[in-house]
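Scroll down for the structure; my scribbles are underneath it.
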Amino acid sequence: KHLALLAGDAAASGFRRLYVDADVELDTAGARAVVMALDEPGVLVAAPTRVMVLDGSSPFVRSYYRVWDRLPAVREGLYGRGVLAVNAEGFARIADRPRVMGDDLYLHSRFAADERRGVGEARSLVRGPKTFGDLIRRRTRAAQGNAELGARTSGQTVTSASTARELARIARHEPQRWPDLAVYLAVTVVGRARARRQ
């Protein structure tokens with residue numbers, strides 16, 4: 001993927017630029033809306049709203065994403081959306097992007113909150129894993145990427161504090177979500193443990 005992005009940038013001659021992962025769906029109207037958001041003063045990077053597609057996913061996978069999708073870091077972050085647009089100034093921030101596993105998390109970390117724009121009317125369809133094993137593998141890769149970037153940026157990309165607060169809030173106020181929380185925590189623990197071993 002890293003080499004593909006470099007090749008695309010080498011071939012492109014102008015701005016604005018829209019990067020779309022191969023495994024997501026974004027319609028033409030959504031692409032235009034994301035790109036147009038870059039015309040707002042001070043906005044350097046824009047992304048659509050993420051819609052997780054869990055058709056055919058196991059109950060455990062659905063349970064995990066019921067919690068994951070509510071976390072502040074997930075809702076506010078540019079990562080995991082599969083689509084990103086930058087203008088010339090935004091591209092200058094990411095032109096030297098390193099070859100890292102968590103590339104979208106790195107890109108997110110390069111912009112302040114007021115420089116990022118989530119475009120509500122645009123939707124990127126992101127297909128979730130089907131089985132519990134697929135979910136564990138995906139979260140292991142995410143944990144590896146988070147750890148790698150945390151080491152490179154002195155922990156600036158780590159969002160565990162806001163995640164812990166939201167998990168505690170759900171546990172206090174929504175006891176019906178305790179089974180979902182148990183699945184989320186189990187997947188997180190296993191994914192991080194596997195990431196450390198690998």
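Every chain in the structure tokens has a letter given in the order shown (A, B, ...), and although residue numbers restart at 1 in each chain, ligands are simply numbered from 1 in the order shown.
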Close residues, stretch 180-197 of chain A itself excluded, 8 Å, only C-alpha atoms, min 2 positions apart in chain, as a tab-separated table (two decimals) with all heavy atoms, in the first residue's frame:
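Saved as out_17.tsv:
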chain	number	residue	atom	x	y	z
A	60	PHE	N	-20.44	-12.43	17.73
A	60	PHE	CA	-19.34	-11.87	18.50
A	60	PHE	C	-18.74	-10.65	17.80
A	60	PHE	O	-18.38	-9.66	18.44
A	60	PHE	CB	-18.26	-12.93	18.74
A	60	PHE	CG	-18.61	-13.93	19.79
A	60	PHE	CD1	-18.81	-15.26	19.45
A	60	PHE	CD2	-18.75	-13.55	21.11
A	60	PHE	CE1	-19.15	-16.19	20.42
A	60	PHE	CE2	-19.07	-14.47	22.09
A	60	PHE	CZ	-19.28	-15.80	21.75
A	63	SER	N	-21.09	-7.81	18.24
A	63	SER	CA	-21.02	-7.35	19.63
A	63	SER	C	-19.82	-6.43	19.83
A	63	SER	O	-19.93	-5.36	20.45
A	63	SER	CB	-20.93	-8.56	20.56
A	63	SER	OG	-21.04	-8.16	21.91
A	64	TYR	N	-18.67	-6.81	19.29
A	64	TYR	CA	-17.47	-5.99	19.40
A	64	TYR	C	-17.69	-4.61	18.80
A	64	TYR	O	-17.38	-3.59	19.42
A	64	TYR	CB	-16.29	-6.69	18.71
A	64	TYR	CG	-15.05	-5.85	18.66
A	64	TYR	CD1	-14.12	-5.89	19.70
A	64	TYR	CD2	-14.81	-4.97	17.60
A	64	TYR	CE1	-12.99	-5.09	19.67
A	64	TYR	CE2	-13.67	-4.18	17.57
A	64	TYR	CZ	-12.77	-4.24	18.60
A	64	TYR	OH	-11.66	-3.44	18.57
A	65	TYR	N	-18.26	-4.56	17.60
A	65	TYR	CA	-18.39	-3.28	16.90
A	65	TYR	C	-19.49	-2.40	17.49
A	65	TYR	O	-19.48	-1.19	17.27
A	65	TYR	CB	-18.61	-3.51	15.41
A	65	TYR	CG	-17.30	-3.79	14.70
A	65	TYR	CD1	-16.97	-5.09	14.30
A	65	TYR	CD2	-16.39	-2.78	14.46
A	65	TYR	CE1	-15.76	-5.36	13.69
A	65	TYR	CE2	-15.18	-3.03	13.85
A	65	TYR	CZ	-14.87	-4.32	13.46
A	65	TYR	OH	-13.67	-4.58	12.85
A	66	ARG	N	-20.40	-2.98	18.25
A	66	ARG	CA	-21.38	-2.14	18.94
A	66	ARG	C	-20.70	-1.24	19.96
A	66	ARG	O	-21.17	-0.13	20.24
A	66	ARG	CB	-22.46	-3.01	19.60
A	66	ARG	CG	-23.57	-3.45	18.66
A	66	ARG	CD	-24.76	-3.98	19.42
A	66	ARG	NE	-24.49	-5.26	20.04
A	66	ARG	CZ	-24.70	-6.44	19.46
A	66	ARG	NH1	-25.18	-6.48	18.21
A	66	ARG	NH2	-24.43	-7.57	20.08
A	67	VAL	N	-19.61	-1.71	20.53
A	67	VAL	CA	-18.83	-0.89	21.47
A	67	VAL	C	-17.82	-0.04	20.71
A	67	VAL	O	-17.72	1.18	20.92
A	67	VAL	CB	-18.11	-1.78	22.51
A	67	VAL	CG1	-17.20	-0.94	23.39
A	67	VAL	CG2	-19.14	-2.53	23.36
A	68	TRP	N	-17.07	-0.65	19.83
A	68	TRP	CA	-16.00	0.05	19.10
A	68	TRP	C	-16.51	1.28	18.38
A	68	TRP	O	-15.87	2.34	18.42
A	68	TRP	CB	-15.38	-0.93	18.10
A	68	TRP	CG	-14.24	-0.40	17.29
A	68	TRP	CD1	-12.93	-0.36	17.64
A	68	TRP	CD2	-14.32	0.15	15.97
A	68	TRP	NE1	-12.18	0.18	16.62
A	68	TRP	CE2	-13.00	0.50	15.58
A	68	TRP	CE3	-15.37	0.39	15.07
A	68	TRP	CZ2	-12.71	1.08	14.35
A	68	TRP	CZ3	-15.09	0.96	13.84
A	68	TRP	CH2	-13.78	1.29	13.48
A	135	LEU	N	-11.64	-11.24	13.23
A	135	LEU	CA	-11.63	-10.04	14.06
A	135	LEU	C	-10.35	-9.97	14.90
A	135	LEU	O	-9.72	-8.91	14.99
A	135	LEU	CB	-12.86	-10.04	14.98
A	135	LEU	CG	-12.94	-8.92	16.02
A	135	LEU	CD1	-12.98	-7.55	15.36
A	135	LEU	CD2	-14.16	-9.12	16.92
A	136	ILE	N	-9.96	-11.09	15.49
A	136	ILE	CA	-8.74	-11.12	16.30
A	136	ILE	C	-7.53	-10.75	15.44
A	136	ILE	O	-6.67	-9.96	15.86
A	136	ILE	CB	-8.54	-12.50	16.94
A	136	ILE	CG1	-9.61	-12.75	18.02
A	136	ILE	CG2	-7.14	-12.63	17.54
A	136	ILE	CD1	-9.51	-11.84	19.23
A	137	ARG	N	-7.46	-11.29	14.23
A	137	ARG	CA	-6.33	-10.98	13.36
A	137	ARG	C	-6.31	-9.49	13.00
A	137	ARG	O	-5.25	-8.85	12.97
A	137	ARG	CB	-6.39	-11.85	12.10
A	137	ARG	CG	-5.94	-13.28	12.34
A	137	ARG	CD	-5.86	-14.07	11.06
A	137	ARG	NE	-7.18	-14.42	10.56
A	137	ARG	CZ	-7.85	-15.51	10.94
A	137	ARG	NH1	-7.32	-16.33	11.83
A	137	ARG	NH2	-9.04	-15.78	10.43
A	139	ARG	N	-7.61	-6.98	14.76
A	139	ARG	CA	-7.26	-6.17	15.93
A	139	ARG	C	-5.80	-6.36	16.33
A	139	ARG	O	-5.19	-5.45	16.90
A	139	ARG	CB	-8.18	-6.51	17.11
A	139	ARG	CG	-9.65	-6.27	16.85
A	139	ARG	CD	-9.92	-4.99	16.06
A	139	ARG	NE	-9.39	-3.79	16.72
A	139	ARG	CZ	-9.31	-2.61	16.14
A	139	ARG	NH1	-9.69	-2.46	14.88
A	139	ARG	NH2	-8.85	-1.58	16.80
A	140	THR	N	-5.23	-7.52	16.04
A	140	THR	CA	-3.80	-7.71	16.29
A	140	THR	C	-2.98	-6.78	15.42
A	140	THR	O	-2.03	-6.13	15.88
A	140	THR	CB	-3.40	-9.18	16.04
A	140	THR	OG1	-4.13	-10.03	16.93
A	140	THR	CG2	-1.90	-9.38	16.25
A	141	ARG	N	-3.34	-6.69	14.13
A	141	ARG	CA	-2.63	-5.77	13.24
A	141	ARG	C	-2.78	-4.33	13.71
A	141	ARG	O	-1.83	-3.54	13.66
A	141	ARG	CB	-3.15	-5.91	11.80
A	141	ARG	CG	-2.76	-7.21	11.13
A	141	ARG	CD	-3.01	-7.13	9.63
A	141	ARG	NE	-4.40	-6.88	9.32
A	141	ARG	CZ	-5.32	-7.82	9.15
A	141	ARG	NH1	-4.98	-9.09	9.30
A	141	ARG	NH2	-6.55	-7.51	8.84
A	143	ALA	N	-3.26	-3.31	16.79
A	143	ALA	CA	-2.44	-3.14	17.99
A	143	ALA	C	-0.97	-3.00	17.63
A	143	ALA	O	-0.24	-2.21	18.23
A	143	ALA	CB	-2.65	-4.31	18.94
A	144	GLN	N	-0.53	-3.75	16.63
A	144	GLN	CA	0.86	-3.62	16.18
A	144	GLN	C	1.12	-2.22	15.62
A	144	GLN	O	2.14	-1.60	15.90
A	144	GLN	CB	1.16	-4.67	15.11
A	144	GLN	CG	1.24	-6.09	15.64
A	144	GLN	CD	1.37	-7.10	14.53
A	144	GLN	OE1	0.66	-7.06	13.54
A	144	GLN	NE2	2.28	-8.04	14.69
A	167	LEU	N	-15.62	3.49	28.00
A	167	LEU	CA	-15.97	2.14	28.44
A	167	LEU	C	-16.56	2.17	29.85
A	167	LEU	O	-17.54	1.47	30.14
A	167	LEU	CB	-14.73	1.25	28.40
A	167	LEU	CG	-14.15	0.96	27.01
A	167	LEU	CD1	-12.89	0.12	27.13
A	167	LEU	CD2	-15.17	0.27	26.11
A	171	ALA	N	-20.37	1.08	30.99
A	171	ALA	CA	-20.56	0.08	32.04
A	171	ALA	C	-21.47	0.61	33.15
A	171	ALA	O	-22.31	-0.13	33.70
A	171	ALA	CB	-19.21	-0.33	32.62
A	177	ARG	N	-25.35	-3.47	28.03
A	177	ARG	CA	-24.22	-3.59	27.13
A	177	ARG	C	-23.04	-4.36	27.75
A	177	ARG	O	-21.99	-4.47	27.13
A	177	ARG	CB	-23.73	-2.19	26.72
A	177	ARG	CG	-24.69	-1.43	25.85
A	177	ARG	CD	-24.87	-2.11	24.52
A	177	ARG	NE	-25.80	-1.42	23.65
A	177	ARG	CZ	-26.47	-2.01	22.68
A	177	ARG	NH1	-26.30	-3.31	22.46
A	177	ARG	NH2	-27.31	-1.34	21.92
A	178	TRP	N	-23.21	-4.89	28.95
A	178	TRP	CA	-22.11	-5.61	29.58
A	178	TRP	C	-21.61	-6.78	28.75
A	178	TRP	O	-20.39	-6.98	28.64
A	178	TRP	CB	-22.51	-6.07	30.98
A	178	TRP	CG	-22.59	-4.95	31.98
A	178	TRP	CD1	-22.31	-3.63	31.75
A	178	TRP	CD2	-22.99	-5.04	33.34
A	178	TRP	NE1	-22.51	-2.89	32.90
A	178	TRP	CE2	-22.93	-3.72	33.89
A	178	TRP	CE3	-23.41	-6.08	34.15
A	178	TRP	CZ2	-23.26	-3.46	35.21
A	178	TRP	CZ3	-23.74	-5.82	35.48
A	178	TRP	CH2	-23.66	-4.52	36.01
Which of chain A fall in alpha helix (DSSP H), as a tab-separated table (two decimals) with N, CA and C atoms, in the first residue's frame:
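For reference, selection-v6.tsv as written:
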chain	number	residue	atom	x	y	z
A	2	HIS	N	1.93	1.24	0.81
A	2	HIS	CA	2.80	2.41	0.89
A	2	HIS	C	3.37	2.76	-0.48
A	3	LEU	N	3.85	1.74	-1.19
A	3	LEU	CA	4.42	1.98	-2.50
A	3	LEU	C	3.37	2.45	-3.50
A	4	ALA	N	2.15	1.93	-3.36
A	4	ALA	CA	1.06	2.35	-4.25
A	4	ALA	C	0.74	3.83	-4.05
A	5	LEU	N	0.74	4.28	-2.80
A	5	LEU	CA	0.47	5.68	-2.52
A	5	LEU	C	1.57	6.58	-3.09
A	6	LEU	N	2.81	6.14	-2.94
A	6	LEU	CA	3.92	6.92	-3.50
A	6	LEU	C	3.82	6.99	-5.03
A	7	ALA	N	3.44	5.88	-5.66
A	7	ALA	CA	3.31	5.86	-7.12
A	7	ALA	C	2.19	6.79	-7.57
A	8	GLY	N	1.08	6.79	-6.82
A	8	GLY	CA	-0.02	7.69	-7.16
A	8	GLY	C	0.37	9.14	-7.03
A	9	ASP	N	1.08	9.47	-5.98
A	9	ASP	CA	1.51	10.85	-5.79
A	9	ASP	C	2.50	11.28	-6.87
A	10	ALA	N	3.36	10.34	-7.30
A	10	ALA	CA	4.32	10.66	-8.34
A	10	ALA	C	3.62	10.92	-9.67
A	11	ALA	N	2.48	10.23	-9.90
A	11	ALA	CA	1.75	10.40	-11.16
A	11	ALA	C	0.84	11.62	-11.14
A	28	THR	N	-20.01	8.58	-6.04
A	28	THR	CA	-19.49	9.80	-6.64
A	28	THR	C	-19.87	11.04	-5.84
A	29	ALA	N	-21.13	11.09	-5.38
A	29	ALA	CA	-21.56	12.24	-4.60
A	29	ALA	C	-20.75	12.36	-3.31
A	30	GLY	N	-20.46	11.22	-2.68
A	30	GLY	CA	-19.66	11.24	-1.46
A	30	GLY	C	-18.24	11.70	-1.72
A	31	ALA	N	-17.66	11.25	-2.82
A	31	ALA	CA	-16.30	11.67	-3.16
A	31	ALA	C	-16.25	13.18	-3.39
A	32	ARG	N	-17.24	13.70	-4.10
A	32	ARG	CA	-17.26	15.14	-4.35
A	32	ARG	C	-17.44	15.92	-3.06
A	33	ALA	N	-18.29	15.43	-2.16
A	33	ALA	CA	-18.52	16.14	-0.89
A	33	ALA	C	-17.25	16.18	-0.05
A	34	VAL	N	-16.52	15.08	-0.02
A	34	VAL	CA	-15.28	15.04	0.76
A	34	VAL	C	-14.27	16.04	0.19
A	35	VAL	N	-14.12	16.05	-1.12
A	35	VAL	CA	-13.16	16.95	-1.74
A	35	VAL	C	-13.55	18.41	-1.54
A	36	MET	N	-14.84	18.71	-1.66
A	36	MET	CA	-15.30	20.09	-1.51
A	36	MET	C	-15.10	20.61	-0.09
A	59	PRO	N	-22.17	-13.16	15.60
A	59	PRO	CA	-22.68	-12.35	16.72
A	59	PRO	C	-21.56	-11.73	17.56
A	60	PHE	N	-20.44	-12.43	17.73
A	60	PHE	CA	-19.34	-11.87	18.50
A	60	PHE	C	-18.74	-10.65	17.80
A	61	VAL	N	-18.62	-10.72	16.49
A	61	VAL	CA	-18.09	-9.58	15.73
A	61	VAL	C	-19.03	-8.39	15.86
A	62	ARG	N	-20.31	-8.63	15.71
A	62	ARG	CA	-21.29	-7.55	15.84
A	62	ARG	C	-21.25	-6.95	17.25
A	63	SER	N	-21.09	-7.81	18.24
A	63	SER	CA	-21.02	-7.35	19.63
A	63	SER	C	-19.82	-6.43	19.83
A	64	TYR	N	-18.67	-6.81	19.29
A	64	TYR	CA	-17.47	-5.99	19.40
A	64	TYR	C	-17.69	-4.61	18.80
A	65	TYR	N	-18.26	-4.56	17.60
A	65	TYR	CA	-18.39	-3.28	16.90
A	65	TYR	C	-19.49	-2.40	17.49
A	66	ARG	N	-20.40	-2.98	18.25
A	66	ARG	CA	-21.38	-2.14	18.94
A	66	ARG	C	-20.70	-1.24	19.96
A	67	VAL	N	-19.61	-1.71	20.53
A	67	VAL	CA	-18.83	-0.89	21.47
A	67	VAL	C	-17.82	-0.04	20.71
A	68	TRP	N	-17.07	-0.65	19.83
A	68	TRP	CA	-16.00	0.05	19.10
A	68	TRP	C	-16.51	1.28	18.38
A	72	PRO	N	-14.97	7.59	21.38
A	72	PRO	CA	-14.63	8.93	20.86
A	72	PRO	C	-13.50	8.91	19.86
A	73	ALA	N	-12.46	8.15	20.15
A	73	ALA	CA	-11.31	8.11	19.24
A	73	ALA	C	-11.71	7.56	17.88
A	74	VAL	N	-12.63	6.61	17.86
A	74	VAL	CA	-13.08	6.01	16.60
A	74	VAL	C	-13.96	7.00	15.84
A	75	ARG	N	-14.85	7.66	16.54
A	75	ARG	CA	-15.77	8.59	15.89
A	75	ARG	C	-15.06	9.83	15.36
A	76	GLU	N	-14.04	10.29	16.07
A	76	GLU	CA	-13.37	11.53	15.69
A	76	GLU	C	-12.16	11.30	14.80
A	88	ALA	N	-3.24	21.00	-0.99
A	88	ALA	CA	-1.78	21.11	-1.12
A	88	ALA	C	-1.11	21.27	0.24
A	89	GLU	N	-1.70	22.09	1.10
A	89	GLU	CA	-1.10	22.29	2.43
A	89	GLU	C	-1.18	21.02	3.26
A	90	GLY	N	-2.29	20.31	3.14
A	90	GLY	CA	-2.41	19.05	3.86
A	90	GLY	C	-1.43	18.01	3.36
A	91	PHE	N	-1.23	17.97	2.05
A	91	PHE	CA	-0.28	17.00	1.50
A	91	PHE	C	1.14	17.26	2.00
A	92	ALA	N	1.48	18.54	2.20
A	92	ALA	CA	2.82	18.86	2.70
A	92	ALA	C	3.07	18.23	4.06
A	93	ARG	N	1.99	18.03	4.83
A	93	ARG	CA	2.14	17.41	6.15
A	93	ARG	C	2.44	15.92	6.06
A	94	ILE	N	2.00	15.27	4.99
A	94	ILE	CA	2.09	13.81	4.93
A	94	ILE	C	3.01	13.31	3.81
A	103	ASP	N	-0.68	3.27	8.94
A	103	ASP	CA	-0.48	4.48	8.14
A	103	ASP	C	-1.61	5.49	8.30
A	104	ASP	N	-2.86	5.02	8.42
A	104	ASP	CA	-3.95	5.99	8.56
A	104	ASP	C	-3.95	6.65	9.93
A	105	LEU	N	-3.50	5.93	10.95
A	105	LEU	CA	-3.37	6.53	12.27
A	105	LEU	C	-2.25	7.58	12.26
A	106	TYR	N	-1.18	7.30	11.54
A	106	TYR	CA	-0.10	8.29	11.41
A	106	TYR	C	-0.63	9.55	10.73
A	107	LEU	N	-1.39	9.39	9.64
A	107	LEU	CA	-1.92	10.55	8.94
A	107	LEU	C	-2.82	11.36	9.86
A	108	HIS	N	-3.66	10.68	10.64
A	108	HIS	CA	-4.52	11.38	11.59
A	108	HIS	C	-3.70	12.22	12.55
A	109	SER	N	-2.58	11.68	13.01
A	109	SER	CA	-1.77	12.36	14.02
A	109	SER	C	-1.08	13.61	13.48
A	132	PHE	N	-14.92	-14.55	14.33
A	132	PHE	CA	-14.19	-14.08	15.50
A	132	PHE	C	-12.68	-14.15	15.25
A	133	GLY	N	-12.23	-15.21	14.57
A	133	GLY	CA	-10.81	-15.32	14.25
A	133	GLY	C	-10.33	-14.19	13.35
A	134	ASP	N	-11.16	-13.83	12.36
A	134	ASP	CA	-10.82	-12.71	11.49
A	134	ASP	C	-10.73	-11.41	12.29
A	135	LEU	N	-11.64	-11.24	13.23
A	135	LEU	CA	-11.63	-10.04	14.06
A	135	LEU	C	-10.35	-9.97	14.90
A	136	ILE	N	-9.96	-11.09	15.49
A	136	ILE	CA	-8.74	-11.12	16.30
A	136	ILE	C	-7.53	-10.75	15.44
A	137	ARG	N	-7.46	-11.29	14.23
A	137	ARG	CA	-6.33	-10.98	13.36
A	137	ARG	C	-6.31	-9.49	13.00
A	138	ARG	N	-7.49	-8.94	12.74
A	138	ARG	CA	-7.55	-7.51	12.39
A	138	ARG	C	-7.14	-6.64	13.56
A	139	ARG	N	-7.61	-6.98	14.76
A	139	ARG	CA	-7.26	-6.17	15.93
A	139	ARG	C	-5.80	-6.36	16.33
A	140	THR	N	-5.23	-7.52	16.04
A	140	THR	CA	-3.80	-7.71	16.29
A	140	THR	C	-2.98	-6.78	15.42
A	141	ARG	N	-3.34	-6.69	14.13
A	141	ARG	CA	-2.63	-5.77	13.24
A	141	ARG	C	-2.78	-4.33	13.71
A	142	ALA	N	-3.99	-3.97	14.16
A	142	ALA	CA	-4.21	-2.61	14.66
A	142	ALA	C	-3.35	-2.33	15.89
A	143	ALA	N	-3.26	-3.31	16.79
A	143	ALA	CA	-2.44	-3.14	17.99
A	143	ALA	C	-0.97	-3.00	17.63
A	144	GLN	N	-0.53	-3.75	16.63
A	144	GLN	CA	0.86	-3.62	16.18
A	144	GLN	C	1.12	-2.22	15.62
A	145	GLY	N	0.17	-1.73	14.82
A	145	GLY	CA	0.32	-0.40	14.26
A	145	GLY	C	0.32	0.68	15.33
A	146	ASN	N	-0.57	0.54	16.30
A	146	ASN	CA	-0.63	1.53	17.39
A	146	ASN	C	0.67	1.55	18.18
A	147	ALA	N	1.20	0.37	18.48
A	147	ALA	CA	2.44	0.31	19.25
A	147	ALA	C	3.61	0.90	18.47
A	148	GLU	N	3.66	0.59	17.18
A	148	GLU	CA	4.74	1.11	16.34
A	148	GLU	C	4.71	2.64	16.29
A	149	LEU	N	3.51	3.20	16.09
A	149	LEU	CA	3.41	4.65	16.01
A	149	LEU	C	3.60	5.30	17.37
A	150	GLY	N	3.13	4.65	18.41
A	150	GLY	CA	3.35	5.19	19.75
A	150	GLY	C	4.82	5.33	20.06
A	151	ALA	N	5.61	4.35	19.61
A	151	ALA	CA	7.06	4.41	19.83
A	151	ALA	C	7.70	5.52	19.00
A	152	ARG	N	7.19	5.74	17.80
A	152	ARG	CA	7.77	6.76	16.92
A	152	ARG	C	7.40	8.17	17.36
A	160	SER	N	-5.84	5.74	24.59
A	160	SER	CA	-6.40	4.83	25.58
A	160	SER	C	-7.16	5.55	26.68
A	161	ALA	N	-6.81	6.79	27.00
A	161	ALA	CA	-7.49	7.50	28.10
A	161	ALA	C	-8.95	7.77	27.75
A	162	SER	N	-9.23	8.31	26.56
A	162	SER	CA	-10.61	8.58	26.19
A	162	SER	C	-11.40	7.29	26.01
A	163	THR	N	-10.73	6.24	25.54
A	163	THR	CA	-11.39	4.95	25.40
A	163	THR	C	-11.80	4.40	26.75
A	164	ALA	N	-10.89	4.46	27.72
A	164	ALA	CA	-11.20	3.94	29.06
A	164	ALA	C	-12.36	4.69	29.69
A	165	ARG	N	-12.41	6.01	29.50
A	165	ARG	CA	-13.52	6.80	30.07
A	165	ARG	C	-14.86	6.40	29.45
A	166	GLU	N	-14.88	6.20	28.14
A	166	GLU	CA	-16.13	5.82	27.49
A	166	GLU	C	-16.56	4.41	27.88
A	167	LEU	N	-15.62	3.49	28.00
A	167	LEU	CA	-15.97	2.14	28.44
A	167	LEU	C	-16.56	2.17	29.85
A	168	ALA	N	-15.97	2.97	30.72
A	168	ALA	CA	-16.50	3.09	32.08
A	168	ALA	C	-17.89	3.70	32.08
A	169	ARG	N	-18.12	4.69	31.22
A	169	ARG	CA	-19.44	5.32	31.14
A	169	ARG	C	-20.50	4.32	30.67
A	170	ILE	N	-20.17	3.52	29.67
A	170	ILE	CA	-21.10	2.51	29.18
A	170	ILE	C	-21.40	1.50	30.28
A	171	ALA	N	-20.37	1.08	30.99
A	171	ALA	CA	-20.56	0.08	32.04
A	171	ALA	C	-21.47	0.61	33.15
A	172	ARG	N	-21.33	1.90	33.48
A	172	ARG	CA	-22.14	2.48	34.56
A	172	ARG	C	-23.59	2.70	34.15
A	173	HIS	N	-23.79	3.21	32.94
A	173	HIS	CA	-25.12	3.68	32.56
A	173	HIS	C	-25.89	2.74	31.64
A	178	TRP	N	-23.21	-4.89	28.95
A	178	TRP	CA	-22.11	-5.61	29.58
A	178	TRP	C	-21.61	-6.78	28.75
A	179	PRO	N	-22.47	-7.58	28.11
A	179	PRO	CA	-21.94	-8.66	27.26
A	179	PRO	C	-21.09	-8.12	26.10
A	180	ASP	N	-21.54	-7.01	25.51
A	180	ASP	CA	-20.75	-6.40	24.43
A	180	ASP	C	-19.41	-5.91	24.95
A	181	LEU	N	-19.41	-5.30	26.14
A	181	LEU	CA	-18.17	-4.83	26.74
A	181	LEU	C	-17.21	-5.98	27.01
A	182	ALA	N	-17.76	-7.11	27.46
A	182	ALA	CA	-16.91	-8.27	27.73
A	182	ALA	C	-16.23	-8.75	26.45
A	183	VAL	N	-16.98	-8.79	25.37
A	183	VAL	CA	-16.40	-9.19	24.08
A	183	VAL	C	-15.34	-8.19	23.65
A	184	TYR	N	-15.65	-6.91	23.74
A	184	TYR	CA	-14.70	-5.87	23.33
A	184	TYR	C	-13.40	-5.99	24.11
A	185	LEU	N	-13.50	-6.11	25.43
A	185	LEU	CA	-12.30	-6.18	26.26
A	185	LEU	C	-11.50	-7.44	25.98
A	186	ALA	N	-12.19	-8.57	25.78
A	186	ALA	CA	-11.49	-9.82	25.49
A	186	ALA	C	-10.72	-9.71	24.17
A	187	VAL	N	-11.35	-9.17	23.15
A	187	VAL	CA	-10.69	-9.02	21.85
A	187	VAL	C	-9.49	-8.08	21.97
A	188	THR	N	-9.65	-6.99	22.73
A	188	THR	CA	-8.57	-6.04	22.90
A	188	THR	C	-7.37	-6.66	23.61
A	189	VAL	N	-7.63	-7.40	24.68
A	189	VAL	CA	-6.56	-8.04	25.43
A	189	VAL	C	-5.84	-9.07	24.57
A	190	VAL	N	-6.60	-9.91	23.87
A	190	VAL	CA	-5.99	-10.95	23.04
A	190	VAL	C	-5.20	-10.32	21.89
A	191	GLY	N	-5.77	-9.30	21.25
A	191	GLY	CA	-5.09	-8.64	20.14
A	191	GLY	C	-3.78	-8.02	20.57
A	192	ARG	N	-3.77	-7.35	21.71
A	192	ARG	CA	-2.53	-6.73	22.19
A	192	ARG	C	-1.50	-7.76	22.59
A	193	ALA	N	-1.96	-8.87	23.21
A	193	ALA	CA	-1.02	-9.92	23.60
A	193	ALA	C	-0.38	-10.56	22.37
A	194	ARG	N	-1.17	-10.81	21.34
A	194	ARG	CA	-0.61	-11.38	20.12
A	194	ARG	C	0.33	-10.41	19.42
A	195	ALA	N	-0.02	-9.13	19.46
A	195	ALA	CA	0.84	-8.12	18.84
A	195	ALA	C	2.20	-8.09	19.53
A	196	ARG	N	2.21	-8.19	20.86
A	196	ARG	CA	3.48	-8.20	21.58
A	196	ARG	C	4.32	-9.43	21.22
A	197	ARG	N	3.67	-10.58	21.10
A	197	ARG	CA	4.41	-11.80	20.77
A	197	ARG	C	4.99	-11.74	19.35
Report task. Name the residues of stretch 2-196 of chain A that come out as strand (DSSP E or B) in a backbone DSSP run; write them as JSON, numbers by chain. Result -> {"A": [17, 18, 19, 20, 24, 25, 45, 46, 47, 48, 49, 50, 51, 52, 53, 83, 84, 85, 86, 116, 117, 118, 119, 120, 121, 122, 123, 124, 125, 126, 127]}
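Taking only C-alpha atoms, the non-local environment of A:Leu44 within 7 Å (same-chain residues fewer than 4 positions away omitted) comprises A:Leu38, A:Val86, A:Asn87, A:Glu89, A:Gly90, A:Glu115, A:Arg116.
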Query - atom CA of A:Gly128 to atom CA of A:Ala85, straight-line distance in Å - result: 22.4 Å
